[in-house]
Structure formats: structure tokens, C-alpha cells
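Peer 1: File follows, my_file.tsv with TSV, C-alpha atoms and all ligand atoms:
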chain	number	residue	atom	x	y	z
A	1	MET	CA	0.00	0.00	0.00
A	2	ARG	CA	1.52	3.30	-1.10
A	3	ARG	CA	0.87	6.16	1.32
A	4	LEU	CA	-0.16	9.53	-0.08
A	5	LEU	CA	2.93	11.72	-0.47
A	6	VAL	CA	2.72	15.47	-1.05
A	7	ALA	CA	5.82	17.56	-1.67
A	8	GLY	CA	6.05	21.34	-1.88
A	9	ASN	CA	8.66	22.88	-4.17
A	10	TRP	CA	9.06	26.51	-3.10
A	11	LYS	CA	11.38	27.25	-6.04
A	12	MET	CA	13.15	30.63	-5.55
A	13	ASN	CA	10.53	31.99	-3.16
A	14	ALA	CA	11.25	32.54	0.56
A	15	SER	CA	12.07	34.97	3.32
A	16	LYS	CA	12.61	34.40	7.04
A	17	VAL	CA	9.11	35.72	7.76
A	18	MET	CA	7.52	33.54	5.10
A	19	LEU	CA	9.40	30.43	6.26
A	20	ASN	CA	8.27	30.94	9.86
A	21	GLU	CA	4.64	31.46	8.96
A	22	LEU	CA	4.40	28.79	6.29
A	23	LEU	CA	6.22	26.06	8.21
A	24	SER	CA	4.31	26.78	11.42
A	25	GLY	CA	1.04	26.40	9.57
A	26	ILE	CA	2.11	23.23	7.80
A	27	ALA	CA	3.83	21.56	10.77
A	28	GLU	CA	0.90	22.17	13.10
A	29	ASN	CA	-1.77	20.97	10.70
A	30	ALA	CA	-0.19	18.33	8.45
A	31	PRO	CA	-2.52	15.31	8.30
A	32	GLN	CA	-1.16	12.11	9.83
A	33	GLN	CA	-2.28	9.98	6.88
A	34	THR	CA	-0.11	11.88	4.39
A	35	ASP	CA	3.68	12.07	4.11
A	36	VAL	CA	4.55	15.74	3.67
A	37	VAL	CA	7.87	17.10	2.42
A	38	VAL	CA	8.87	20.69	1.66
A	39	PHE	CA	11.73	21.92	-0.52
A	40	PRO	CA	12.73	25.47	0.53
A	41	PRO	CA	15.63	27.32	-1.15
A	42	ALA	CA	19.10	26.30	0.11
A	43	PRO	CA	19.82	29.34	2.35
A	44	TYR	CA	16.74	28.50	4.44
A	45	LEU	CA	17.42	24.82	5.07
A	46	LEU	CA	18.96	25.25	8.51
A	47	ALA	CA	16.06	27.47	9.56
A	48	ALA	CA	13.68	24.81	8.20
A	49	ALA	CA	15.49	22.18	10.29
A	50	ASP	CA	14.96	24.31	13.37
A	51	LYS	CA	11.34	25.01	12.62
A	52	LEU	CA	10.43	21.40	11.76
A	53	GLN	CA	12.13	19.80	14.74
A	54	GLY	CA	9.76	17.24	16.26
A	55	SER	CA	7.33	17.51	13.34
A	56	SER	CA	6.41	14.73	10.92
A	57	VAL	CA	7.00	17.13	8.01
A	58	LYS	CA	10.30	16.45	6.24
A	59	PHE	CA	12.34	18.79	4.11
A	60	GLY	CA	14.88	18.66	1.32
A	61	GLY	CA	16.99	20.60	-1.14
A	62	GLN	CA	15.89	21.71	-4.61
A	63	ASN	CA	19.16	20.78	-6.29
A	64	LEU	CA	22.60	19.33	-5.64
A	65	ASN	CA	25.97	19.06	-7.33
A	66	ALA	CA	27.07	15.50	-8.05
A	67	ASN	CA	30.53	16.21	-6.58
A	68	ASP	CA	31.02	16.01	-2.84
A	69	SER	CA	33.20	19.11	-2.31
A	70	GLY	CA	35.69	21.35	-4.05
A	71	ALA	CA	35.97	24.29	-6.42
A	72	TYR	CA	32.35	24.55	-7.56
A	73	THR	CA	31.41	28.09	-6.59
A	74	GLY	CA	27.76	28.48	-5.73
A	75	GLU	CA	27.02	24.76	-5.64
A	76	VAL	CA	25.70	22.55	-2.83
A	77	SER	CA	26.61	18.89	-2.28
A	78	ALA	CA	24.54	15.98	-1.04
A	79	SER	CA	26.57	15.71	2.17
A	80	MET	CA	25.90	19.41	2.89
A	81	LEU	CA	22.18	18.83	2.48
A	82	VAL	CA	22.37	15.88	4.87
A	83	ASP	CA	24.40	18.01	7.30
A	84	CYS	CA	21.57	20.57	7.27
A	85	GLY	CA	19.03	17.85	8.14
A	86	CYS	CA	17.60	17.24	4.67
A	87	GLU	CA	16.12	13.83	3.91
A	88	ALA	CA	15.39	14.43	0.23
A	89	VAL	CA	16.40	16.37	-2.86
A	90	LEU	CA	14.76	17.26	-6.16
A	91	VAL	CA	16.62	16.03	-9.22
A	92	GLY	CA	15.97	16.89	-12.85
A	93	HIS	CA	13.17	19.41	-12.32
A	94	SER	CA	12.19	20.75	-15.75
A	95	GLU	CA	13.36	24.23	-14.75
A	96	ARG	CA	16.83	22.75	-14.08
A	97	ARG	CA	16.75	20.82	-17.35
A	98	THR	CA	15.62	23.86	-19.38
A	99	LEU	CA	17.22	26.87	-17.66
A	100	PHE	CA	20.42	25.17	-16.52
A	101	ALA	CA	20.84	22.67	-19.36
A	102	GLU	CA	20.82	19.59	-17.13
A	103	SER	CA	21.06	16.43	-19.21
A	104	ASP	CA	19.82	12.92	-18.45
A	105	ALA	CA	23.44	12.04	-17.61
A	106	ASP	CA	23.54	14.90	-15.07
A	107	VAL	CA	20.27	13.66	-13.59
A	108	LEU	CA	21.72	10.16	-13.16
A	109	ALA	CA	24.94	11.50	-11.58
A	110	LYS	CA	22.98	13.69	-9.17
A	111	THR	CA	20.62	10.83	-8.30
A	112	GLU	CA	23.61	8.59	-7.54
A	113	ALA	CA	25.22	11.29	-5.38
A	114	ALA	CA	21.97	11.81	-3.48
A	115	LEU	CA	21.56	8.08	-2.85
A	116	ALA	CA	25.17	7.68	-1.74
A	117	ALA	CA	24.59	10.38	0.89
A	118	GLY	CA	21.35	8.76	2.09
A	119	LEU	CA	18.97	11.30	0.55
A	120	VAL	CA	15.73	10.37	-1.23
A	121	PRO	CA	16.02	11.68	-4.79
A	122	TYR	CA	12.77	12.97	-6.30
A	123	VAL	CA	13.48	12.30	-9.97
A	124	CYS	CA	11.39	14.61	-12.17
A	125	ILE	CA	10.44	13.80	-15.75
A	126	GLY	CA	7.95	15.20	-18.25
A	127	GLU	CA	7.32	16.38	-21.78
A	128	THR	CA	6.93	19.88	-23.22
A	129	LEU	CA	3.78	20.99	-25.02
A	130	ALA	CA	5.51	20.69	-28.41
A	131	GLU	CA	6.51	17.12	-27.56
A	132	ARG	CA	2.96	16.24	-26.45
A	133	ASP	CA	1.49	17.80	-29.59
A	134	ALA	CA	3.92	15.75	-31.66
A	135	ASN	CA	2.75	12.56	-29.88
A	136	LYS	CA	6.15	12.17	-28.26
A	137	THR	CA	5.05	12.12	-24.61
A	138	GLU	CA	5.82	8.44	-24.07
A	139	ALA	CA	9.11	8.58	-25.98
A	140	VAL	CA	10.33	11.59	-23.95
A	141	VAL	CA	9.24	10.17	-20.61
A	142	GLU	CA	10.78	6.80	-21.47
A	143	GLN	CA	14.12	8.33	-22.40
A	144	GLN	CA	14.24	10.44	-19.24
A	145	ILE	CA	13.30	7.64	-16.86
A	146	ASN	CA	15.49	5.08	-18.61
A	147	ALA	CA	18.50	7.24	-17.76
A	148	VAL	CA	17.97	6.32	-14.11
A	149	LEU	CA	16.39	2.87	-14.60
A	150	ASN	CA	19.38	1.71	-16.64
A	151	GLY	CA	21.96	3.38	-14.43
A	152	LEU	CA	20.83	2.23	-10.99
A	153	THR	CA	20.21	-1.07	-9.22
A	154	VAL	CA	16.76	-2.16	-8.07
A	155	GLN	CA	17.90	-1.49	-4.48
A	156	GLN	CA	18.87	2.07	-5.40
A	157	LEU	CA	15.67	2.65	-7.37
A	158	ALA	CA	13.61	1.47	-4.40
A	159	LYS	CA	14.85	4.55	-2.54
A	160	CYS	CA	13.80	7.00	-5.28
A	161	VAL	CA	10.54	8.90	-5.72
A	162	PHE	CA	9.46	9.69	-9.28
A	163	ALA	CA	7.54	12.79	-10.32
A	164	TYR	CA	5.74	13.11	-13.64
A	165	GLU	CA	5.50	16.79	-14.40
A	166	PRO	CA	4.28	17.73	-17.86
A	167	VAL	CA	6.23	20.93	-18.54
A	168	TRP	CA	3.17	22.58	-20.12
A	169	ALA	CA	1.30	22.23	-16.82
A	170	ILE	CA	3.99	23.67	-14.53
A	171	GLY	CA	3.14	27.13	-13.26
A	172	THR	CA	0.68	27.65	-16.12
A	173	GLY	CA	-2.60	26.91	-14.38
A	174	LYS	CA	-3.16	24.18	-17.01
A	175	THR	CA	-3.46	20.88	-15.17
A	176	ALA	CA	-3.31	17.57	-17.00
A	177	SER	CA	-6.72	15.97	-16.71
A	178	PRO	CA	-6.82	13.07	-14.23
A	179	GLU	CA	-7.18	10.71	-17.21
A	180	GLN	CA	-4.23	12.24	-19.09
A	181	ALA	CA	-2.06	12.08	-15.97
A	182	GLN	CA	-3.14	8.52	-15.10
A	183	GLN	CA	-2.32	7.34	-18.61
A	184	VAL	CA	1.29	8.56	-18.33
A	185	HIS	CA	1.64	7.36	-14.73
A	186	ALA	CA	0.53	3.87	-15.77
A	187	PHE	CA	3.04	4.00	-18.62
A	188	ILE	CA	5.82	5.02	-16.19
A	189	ARG	CA	4.90	2.26	-13.75
A	190	GLY	CA	5.02	-0.18	-16.65
A	191	LEU	CA	8.53	0.99	-17.50
A	192	ILE	CA	9.62	0.52	-13.89
A	193	ALA	CA	8.06	-2.97	-13.99
A	194	THR	CA	10.34	-3.94	-16.85
A	195	LYS	CA	13.17	-3.48	-14.36
A	196	ASP	CA	11.39	-5.17	-11.44
A	197	GLU	CA	7.69	-5.79	-10.81
A	198	GLU	CA	7.80	-5.39	-7.05
A	199	LEU	CA	9.76	-2.18	-7.44
A	200	ALA	CA	7.02	-0.88	-9.74
A	201	LEU	CA	4.29	-1.79	-7.24
A	202	ASN	CA	6.08	-0.02	-4.39
A	203	SER	CA	7.38	3.06	-6.25
A	204	HIS	CA	5.81	6.43	-5.54
A	205	ILE	CA	4.99	8.33	-8.72
A	206	LEU	CA	3.87	11.89	-7.99
A	207	TYR	CA	2.02	14.16	-10.37
A	208	GLY	CA	3.16	17.79	-10.69
A	209	GLY	CA	1.71	20.65	-12.70
A	210	SER	CA	-0.71	23.22	-11.30
A	211	VAL	CA	-1.99	20.95	-8.52
A	212	LYS	CA	-4.42	22.84	-6.27
A	213	ALA	CA	-6.67	21.97	-3.35
A	214	SER	CA	-9.59	21.95	-5.81
A	215	ASN	CA	-8.12	19.34	-8.20
A	216	ALA	CA	-5.95	17.24	-5.85
A	217	LYS	CA	-8.65	14.78	-4.83
A	218	GLU	CA	-9.48	13.75	-8.39
A	219	LEU	CA	-5.83	13.54	-9.43
A	220	PHE	CA	-4.76	11.58	-6.35
A	221	GLY	CA	-7.76	9.29	-6.77
A	222	GLN	CA	-6.18	7.81	-9.91
A	223	LYS	CA	-4.76	4.31	-9.53
A	224	ASP	CA	-1.16	5.18	-10.37
A	225	ILE	CA	-0.94	8.70	-8.90
A	226	ASP	CA	0.54	8.51	-5.41
A	227	GLY	CA	0.50	12.19	-4.53
A	228	GLY	CA	1.79	15.47	-5.86
A	229	LEU	CA	4.81	17.66	-6.37
A	230	VAL	CA	3.36	21.11	-5.86
A	231	GLY	CA	4.92	24.45	-6.82
A	232	GLY	CA	2.84	27.63	-6.57
A	233	ALA	CA	0.15	26.17	-4.33
A	234	SER	CA	2.76	25.07	-1.77
A	235	LEU	CA	3.44	28.71	-0.83
A	236	LYS	CA	0.17	29.16	1.04
A	237	ALA	CA	-0.33	26.98	4.12
A	238	GLU	CA	-4.09	26.63	3.77
A	239	GLU	CA	-3.96	25.72	0.07
A	240	PHE	CA	-1.06	23.31	0.58
A	241	LEU	CA	-2.79	21.65	3.53
A	242	GLY	CA	-5.91	21.30	1.39
A	243	ILE	CA	-3.78	19.34	-1.09
A	244	CYS	CA	-2.22	17.24	1.69
A	245	ASN	CA	-5.69	16.39	2.98
A	246	PRO	CA	-7.77	16.09	-0.18
A	247	ALA	CA	-10.54	13.89	1.23
B	301	LIG	C1	6.73	22.39	-9.80
B	301	LIG	O1	7.44	23.38	-9.74
B	301	LIG	O2	7.23	21.28	-9.63
B	301	LIG	C2	5.30	22.56	-10.09
B	301	LIG	C3	4.58	21.49	-10.31
B	301	LIG	O3	4.81	23.85	-10.10
B	301	LIG	P1	3.26	24.29	-10.12
B	301	LIG	O4	2.54	23.47	-9.09
B	301	LIG	O5	3.29	25.76	-9.78
B	301	LIG	O6	2.75	24.04	-11.50
Would you put the structure from the file into C-alpha cells?

Peer 2:
Amino acid sequence: MRRLLVAGNWKMNASKVMLNELLSGIAENAPQQTDVVVFPPAPYLLAAADKLQGSSVKFGGQNLNANDSGAYTGEVSASMLVDCGCEAVLVGHSERRTLFAESDADVLAKTEAALAAGLVPYVCIGETLAERDANKTEAVVEQQINAVLNGLTVQQLAKCVFAYEPVWAIGTGKTASPEQAQQVHAFIRGLIATKDEELALNSHILYGGSVKASNAKELFGQKDIDGGLVGGASLKAEEFLGICNPA
């Protein structure tokens, strides 16, 4: 049985005041039946650790460098995230792939570095609108997920979370319909099953792309959708909690 998992990606949005208010609201009201994780920007991770002490809400980094230390100005390593109390890290978010030219090989290297440090990598995949319109959704998703499926062992993959995020639905207000999302989630689970059937049954596959309190229930009600990776709607405690508790 896969528990509902809801993750909030704050992207480059935070301040000390916002962190205090948002994390207080989430930590005090997070539903017990849902696993909740937040991804604040890197400078706020230690403050998040402080604020979430004793809470069931976990937190993680939005990015990492695959190297452990050294002359990589501006970068953050997996061991630093662990040192700050992180339990997870986003890998391969479409904004990283598009704006920072991260390749499938980078995604694999970062996923390996995260796993080696004991972090849960949230591996993000998804097609652009042009790719969907050209009927390439499955081909794109397959290529992106195969980069990790072919590069990792079943034991390593069992520690990953996958997030299907159609790029055309991220931050646009355009959500994939529950049927559209379910179709791709089932396809992804099928790809994982080619590696290992039990792995596929146990893997969490989150949906991301304009998830809101008003559409979460229907999306999360789909057989192969195990929760959400939420951007904009994770910045307001009430809205985010509505997503965490969609019943
Ligand atoms: C995201 O950034 O991962 C995301 C899904 O954003 P939004 O919910 O704002 O579409």
C-alpha cells in the first residue's frame, strides 16, 4: 500500500518571515495519513530544520551538485544537504533541465550522489507541449526515466521517488486531466516494472503541474498517482494543507 505523499517545491521563493509562517502552519496541521515534504531554497534549510524539529514534516533541497566538495562556486553537495538535516532532494526538475541545461546524464549523476549520501532523490520527468502535440510524450518520458532505470540497481531505485510533471502544466494553471495524468503514470509504472515488478508496485509516482486543493482529490484518486509535487500552491499553508488532505 503506497501512502499519499505530497511535496512542496518553493522554487526561488522565501524569506525568514515567510518560512516561519508557512512552516508553522504546515507543521501544526499536516494530516497524519499523508507524508509531507517541503523543498525550501538552500539558504533557508537550517532554519527549516529548526522550525520542523519534532514535526512529521520532512524537508529537502531543490538541487545538488554530483561532486562532494571542491571548487564549484555556488554549488551545494549531497553531504551538505544531509548536514543541514535534509532527507530528500529534487533532481531533474524541468526548470533545471531547461534553464540550466541539465542532461539525463547529469540527472543520473545527481541521483547517484543523493543516494550515496542517504537522501531520497525525487526524480522529475515530463514532456513539453511541443513534444505532447507531436505525440512524443511516451518517448520523452521513457528516455528520461530510462537514464535512471538503466543506471541504478533495483535497491537504489527502491529509494527513489518519481515525479511526472508535464512541462506545459507547470506554473501555467493548465493541469493535466486526471485521465491524461493517469495514462502517463501507468506507462511510467510499466517501464519501472520492466526493471522489477515489485519495485514498480512499491514506487511512488507523484504528479506535478498546477496541482491545487480543488483538483488534488481527483488527481490523487487515480490508480497510479501517489500524490503530488506542488509548486505555486505550496506557498500558502491553507492551500497546501488542502492538497495534503484532499478527502
Ligand atoms: C513544480 O514546480 O514542480 C510545479 C509542479 O509547479 P506548479 O505546481 O506551480 O505548476

Peer 1: One decimal, Å: what's the distance from atom CA of Ala158 of chain A over to atom CA of Glu95 of chain A, could you say?

Peer 2: 25.0 Å

Peer 1: Kindly provide the residues of chain A that approach ligand LIG 301 (chain B) to within 9 Å, each paired with its closest atom pair and their distance in Å to one decimal, based on all atoms listed in the file, listed by chain and increasing number, as JSON lines.

Peer 2:
{"residue": "A:Ala7", "atom": "CA", "partner": "B:LIG301", "partner_atom": "O2", "distance": 8.9}
{"residue": "A:Gly8", "atom": "CA", "partner": "B:LIG301", "partner_atom": "O2", "distance": 7.8}
{"residue": "A:Asn9", "atom": "CA", "partner": "B:LIG301", "partner_atom": "O1", "distance": 5.7}
{"residue": "A:Trp10", "atom": "CA", "partner": "B:LIG301", "partner_atom": "O1", "distance": 7.5}
{"residue": "A:Lys11", "atom": "CA", "partner": "B:LIG301", "partner_atom": "O1", "distance": 6.6}
{"residue": "A:His93", "atom": "CA", "partner": "B:LIG301", "partner_atom": "O2", "distance": 6.8}
{"residue": "A:Ser94", "atom": "CA", "partner": "B:LIG301", "partner_atom": "O2", "distance": 7.9}
{"residue": "A:Glu95", "atom": "CA", "partner": "B:LIG301", "partner_atom": "O1", "distance": 7.8}
{"residue": "A:Cys124", "atom": "CA", "partner": "B:LIG301", "partner_atom": "O2", "distance": 8.3}
{"residue": "A:Ala163", "atom": "CA", "partner": "B:LIG301", "partner_atom": "O2", "distance": 8.5}
{"residue": "A:Glu165", "atom": "CA", "partner": "B:LIG301", "partner_atom": "C3", "distance": 6.3}
{"residue": "A:Pro166", "atom": "CA", "partner": "B:LIG301", "partner_atom": "C3", "distance": 8.4}
{"residue": "A:Val167", "atom": "CA", "partner": "B:LIG301", "partner_atom": "C3", "distance": 8.4}
{"residue": "A:Trp168", "atom": "CA", "partner": "B:LIG301", "partner_atom": "O6", "distance": 8.8}
{"residue": "A:Ala169", "atom": "CA", "partner": "B:LIG301", "partner_atom": "O6", "distance": 5.8}
{"residue": "A:Ile170", "atom": "CA", "partner": "B:LIG301", "partner_atom": "O6", "distance": 3.3}
{"residue": "A:Gly171", "atom": "CA", "partner": "B:LIG301", "partner_atom": "O6", "distance": 3.6}
{"residue": "A:Thr172", "atom": "CA", "partner": "B:LIG301", "partner_atom": "O6", "distance": 6.2}
{"residue": "A:Gly173", "atom": "CA", "partner": "B:LIG301", "partner_atom": "O6", "distance": 6.7}
{"residue": "A:Lys174", "atom": "CA", "partner": "B:LIG301", "partner_atom": "O6", "distance": 8.1}
{"residue": "A:Thr175", "atom": "CA", "partner": "B:LIG301", "partner_atom": "O6", "distance": 7.9}
{"residue": "A:Tyr207", "atom": "CA", "partner": "B:LIG301", "partner_atom": "C3", "distance": 7.8}
{"residue": "A:Gly208", "atom": "CA", "partner": "B:LIG301", "partner_atom": "C3", "distance": 4.0}
{"residue": "A:Gly209", "atom": "CA", "partner": "B:LIG301", "partner_atom": "O6", "distance": 3.7}
{"residue": "A:Ser210", "atom": "CA", "partner": "B:LIG301", "partner_atom": "O6", "distance": 3.6}
{"residue": "A:Val211", "atom": "CA", "partner": "B:LIG301", "partner_atom": "O4", "distance": 5.2}
{"residue": "A:Lys212", "atom": "CA", "partner": "B:LIG301", "partner_atom": "O4", "distance": 7.5}
{"residue": "A:Gly228", "atom": "CA", "partner": "B:LIG301", "partner_atom": "C3", "distance": 8.0}
{"residue": "A:Leu229", "atom": "CA", "partner": "B:LIG301", "partner_atom": "O2", "distance": 5.4}
{"residue": "A:Val230", "atom": "CA", "partner": "B:LIG301", "partner_atom": "O4", "distance": 4.1}
{"residue": "A:Gly231", "atom": "CA", "partner": "B:LIG301", "partner_atom": "O3", "distance": 3.3}
{"residue": "A:Gly232", "atom": "CA", "partner": "B:LIG301", "partner_atom": "O5", "distance": 3.7}
{"residue": "A:Ala233", "atom": "CA", "partner": "B:LIG301", "partner_atom": "O4", "distance": 6.0}
{"residue": "A:Ser234", "atom": "CA", "partner": "B:LIG301", "partner_atom": "O4", "distance": 7.5}

Peer 1: Write the residues of the selection above to a file with C-alpha atoms, as a JSON list (two decimals), in the frame of the given file.

Peer 2:
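Generated file (out_13.json):
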[["chain", "number", "residue", "atom", "x", "y", "z"],
["A", 7, "ALA", "CA", 5.82, 17.56, -1.67],
["A", 8, "GLY", "CA", 6.05, 21.34, -1.88],
["A", 9, "ASN", "CA", 8.66, 22.88, -4.17],
["A", 10, "TRP", "CA", 9.06, 26.51, -3.10],
["A", 11, "LYS", "CA", 11.38, 27.25, -6.04],
["A", 93, "HIS", "CA", 13.17, 19.41, -12.32],
["A", 94, "SER", "CA", 12.19, 20.75, -15.75],
["A", 95, "GLU", "CA", 13.36, 24.23, -14.75],
["A", 124, "CYS", "CA", 11.39, 14.61, -12.17],
["A", 163, "ALA", "CA", 7.54, 12.79, -10.32],
["A", 165, "GLU", "CA", 5.50, 16.79, -14.40],
["A", 166, "PRO", "CA", 4.28, 17.73, -17.86],
["A", 167, "VAL", "CA", 6.23, 20.93, -18.54],
["A", 168, "TRP", "CA", 3.17, 22.58, -20.12],
["A", 169, "ALA", "CA", 1.30, 22.23, -16.82],
["A", 170, "ILE", "CA", 3.99, 23.67, -14.53],
["A", 171, "GLY", "CA", 3.14, 27.13, -13.26],
["A", 172, "THR", "CA", 0.68, 27.65, -16.12],
["A", 173, "GLY", "CA", -2.60, 26.91, -14.38],
["A", 174, "LYS", "CA", -3.16, 24.18, -17.01],
["A", 175, "THR", "CA", -3.46, 20.88, -15.17],
["A", 207, "TYR", "CA", 2.02, 14.16, -10.37],
["A", 208, "GLY", "CA", 3.16, 17.79, -10.69],
["A", 209, "GLY", "CA", 1.71, 20.65, -12.70],
["A", 210, "SER", "CA", -0.71, 23.22, -11.30],
["A", 211, "VAL", "CA", -1.99, 20.95, -8.52],
["A", 212, "LYS", "CA", -4.42, 22.84, -6.27],
["A", 228, "GLY", "CA", 1.79, 15.47, -5.86],
["A", 229, "LEU", "CA", 4.81, 17.66, -6.37],
["A", 230, "VAL", "CA", 3.36, 21.11, -5.86],
["A", 231, "GLY", "CA", 4.92, 24.45, -6.82],
["A", 232, "GLY", "CA", 2.84, 27.63, -6.57],
["A", 233, "ALA", "CA", 0.15, 26.17, -4.33],
["A", 234, "SER", "CA", 2.76, 25.07, -1.77]]

Peer 1: Quick one: of A:Met1, A:Arg132, A:Leu119, A:Ser177, who's nearest to Glu198 of chain A, counting all atoms listed in the file?

Peer 2: A:Met1

Peer 1: Extract, using only C-alpha atoms, all DNA, RNA and protein residues at most 10 Å from segment 181-193 of chain A, discarding same-chain residues fewer than 5 positions from it, and format them as an NGL selection string.

Peer 2: :A and (125-126 or 137-138 or 141-142 or 145-146 or 149 or 154 or 157 or 162-166 or 175-176 or 198-209 or 219-226)

Peer 1: Considering only C-alpha atoms, state which residue in the set A:Ser24, A:Arg3, A:Ser15, A:Leu45 is at the smallest distance from Ala237 of chain A.

Peer 2: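 Nearest to Ala237 of chain A: A:Ser24.
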
Peer 1: So the first atom is atom CA of Cys160 of chain A and the second is atom CA of Arg2 of chain A; what is the distance between them in Å, to one decimal place?

Peer 2: 13.5 Å

Peer 1: Which residue is closest to Gly227 of chain A? Choose from A:Ala47, A:Ala78, A:Ala116, A:Ile243 and count all atoms listed in the file.

Peer 2: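 Answer, going by the shortest atom-to-atom distance: A:Ile243.
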
Peer 1: Please indicate the distance in Å from atom CA of Ser214 of chain A to atom CA of Gly25 of chain A, rounded to one decimal place.

Peer 2: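 One can read the atom CA of Ser214 of chain A to atom CA of Gly25 of chain A distance as 19.2 Å.
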
Peer 1: Which residue gives the smallest distance to Val148 of chain A among A:Asp196, A:Asp106, A:Glu239, A:Glu21, with all atoms listed in the file counted?

Peer 2: A:Asp106

Peer 1: Taking all atoms of segment 8-12 of chain A that the file lists, what box with edges along x, y and z, padded by 8 Å per side, do you get, with centre and edge lengths in Å to one decimal, as lines of an AutoDock Vina configuration file?

Peer 2:
center_x = 9.6
center_y = 26.0
center_z = -4.0
size_x = 23.1
size_y = 25.3
size_z = 20.2

Peer 1: For Gly61 of chain A, which residue among A:Val17, A:Ala27, A:Ala101, A:Cys84 is the nearest when counting all atoms listed in the file?

Peer 2: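 Looking at the shortest contact to Gly61 of chain A, the residue is A:Cys84.
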
Peer 1: Can you tell me, as a PyMOL selection string, what residues are no more than 12 Å from segment 57-59 of chain A when counting all atoms listed in the file, ignoring any on the same chain fewer than 3 positions away?

Peer 2: chain A and resi 5-10+23-42+44-54+62+81-82+84-90+119-122+241+244

Peer 1: N, CA and C atoms are what I want for segment 96-119 of chain A; can you complete it accordingly and write them as a tab-separated table (two decimals), keeping the file's coordinate frame?

Peer 2:
chain	number	residue	atom	x	y	z
A	96	ARG	N	15.38	23.04	-14.06
A	96	ARG	CA	16.83	22.75	-14.08
A	96	ARG	C	17.24	22.24	-15.47
A	97	ARG	N	16.40	21.37	-16.03
A	97	ARG	CA	16.75	20.82	-17.35
A	97	ARG	C	16.76	21.94	-18.40
A	98	THR	N	15.75	22.83	-18.33
A	98	THR	CA	15.62	23.86	-19.38
A	98	THR	C	16.54	25.05	-19.13
A	99	LEU	N	16.48	25.61	-17.93
A	99	LEU	CA	17.22	26.87	-17.66
A	99	LEU	C	18.70	26.63	-17.38
A	100	PHE	N	19.03	25.44	-16.89
A	100	PHE	CA	20.42	25.17	-16.52
A	100	PHE	C	21.01	24.00	-17.30
A	101	ALA	N	20.34	23.66	-18.39
A	101	ALA	CA	20.84	22.67	-19.36
A	101	ALA	C	21.24	21.34	-18.73
A	102	GLU	N	20.49	20.89	-17.74
A	102	GLU	CA	20.82	19.59	-17.13
A	102	GLU	C	20.39	18.44	-18.05
A	103	SER	N	21.32	17.56	-18.30
A	103	SER	CA	21.06	16.43	-19.21
A	103	SER	C	20.61	15.21	-18.41
A	104	ASP	N	20.17	14.18	-19.12
A	104	ASP	CA	19.82	12.92	-18.45
A	104	ASP	C	21.03	12.34	-17.71
A	105	ALA	N	22.22	12.54	-18.28
A	105	ALA	CA	23.44	12.04	-17.61
A	105	ALA	C	23.67	12.81	-16.30
A	106	ASP	N	23.42	14.12	-16.31
A	106	ASP	CA	23.54	14.90	-15.07
A	106	ASP	C	22.54	14.39	-14.03
A	107	VAL	N	21.33	14.11	-14.51
A	107	VAL	CA	20.27	13.66	-13.59
A	107	VAL	C	20.69	12.34	-12.93
A	108	LEU	N	21.26	11.44	-13.72
A	108	LEU	CA	21.72	10.16	-13.16
A	108	LEU	C	22.85	10.41	-12.14
A	109	ALA	N	23.80	11.25	-12.49
A	109	ALA	CA	24.94	11.50	-11.58
A	109	ALA	C	24.45	12.12	-10.27
A	110	LYS	N	23.51	13.05	-10.38
A	110	LYS	CA	22.98	13.69	-9.17
A	110	LYS	C	22.17	12.69	-8.33
A	111	THR	N	21.42	11.84	-9.02
A	111	THR	CA	20.62	10.83	-8.30
A	111	THR	C	21.56	9.89	-7.55
A	112	GLU	N	22.64	9.48	-8.20
A	112	GLU	CA	23.61	8.59	-7.54
A	112	GLU	C	24.24	9.27	-6.32
A	113	ALA	N	24.60	10.55	-6.49
A	113	ALA	CA	25.22	11.29	-5.38
A	113	ALA	C	24.24	11.42	-4.21
A	114	ALA	N	22.99	11.68	-4.53
A	114	ALA	CA	21.97	11.81	-3.48
A	114	ALA	C	21.83	10.49	-2.73
A	115	LEU	N	21.73	9.39	-3.47
A	115	LEU	CA	21.56	8.08	-2.85
A	115	LEU	C	22.77	7.71	-1.99
A	116	ALA	N	23.95	8.02	-2.49
A	116	ALA	CA	25.17	7.68	-1.74
A	116	ALA	C	25.21	8.41	-0.40
A	117	ALA	N	24.60	9.60	-0.35
A	117	ALA	CA	24.59	10.38	0.89
A	117	ALA	C	23.40	10.01	1.78
A	118	GLY	N	22.51	9.17	1.29
A	118	GLY	CA	21.35	8.76	2.09
A	118	GLY	C	20.13	9.64	1.90
A	119	LEU	N	20.14	10.47	0.84
A	119	LEU	CA	18.97	11.30	0.55
A	119	LEU	C	18.00	10.56	-0.37
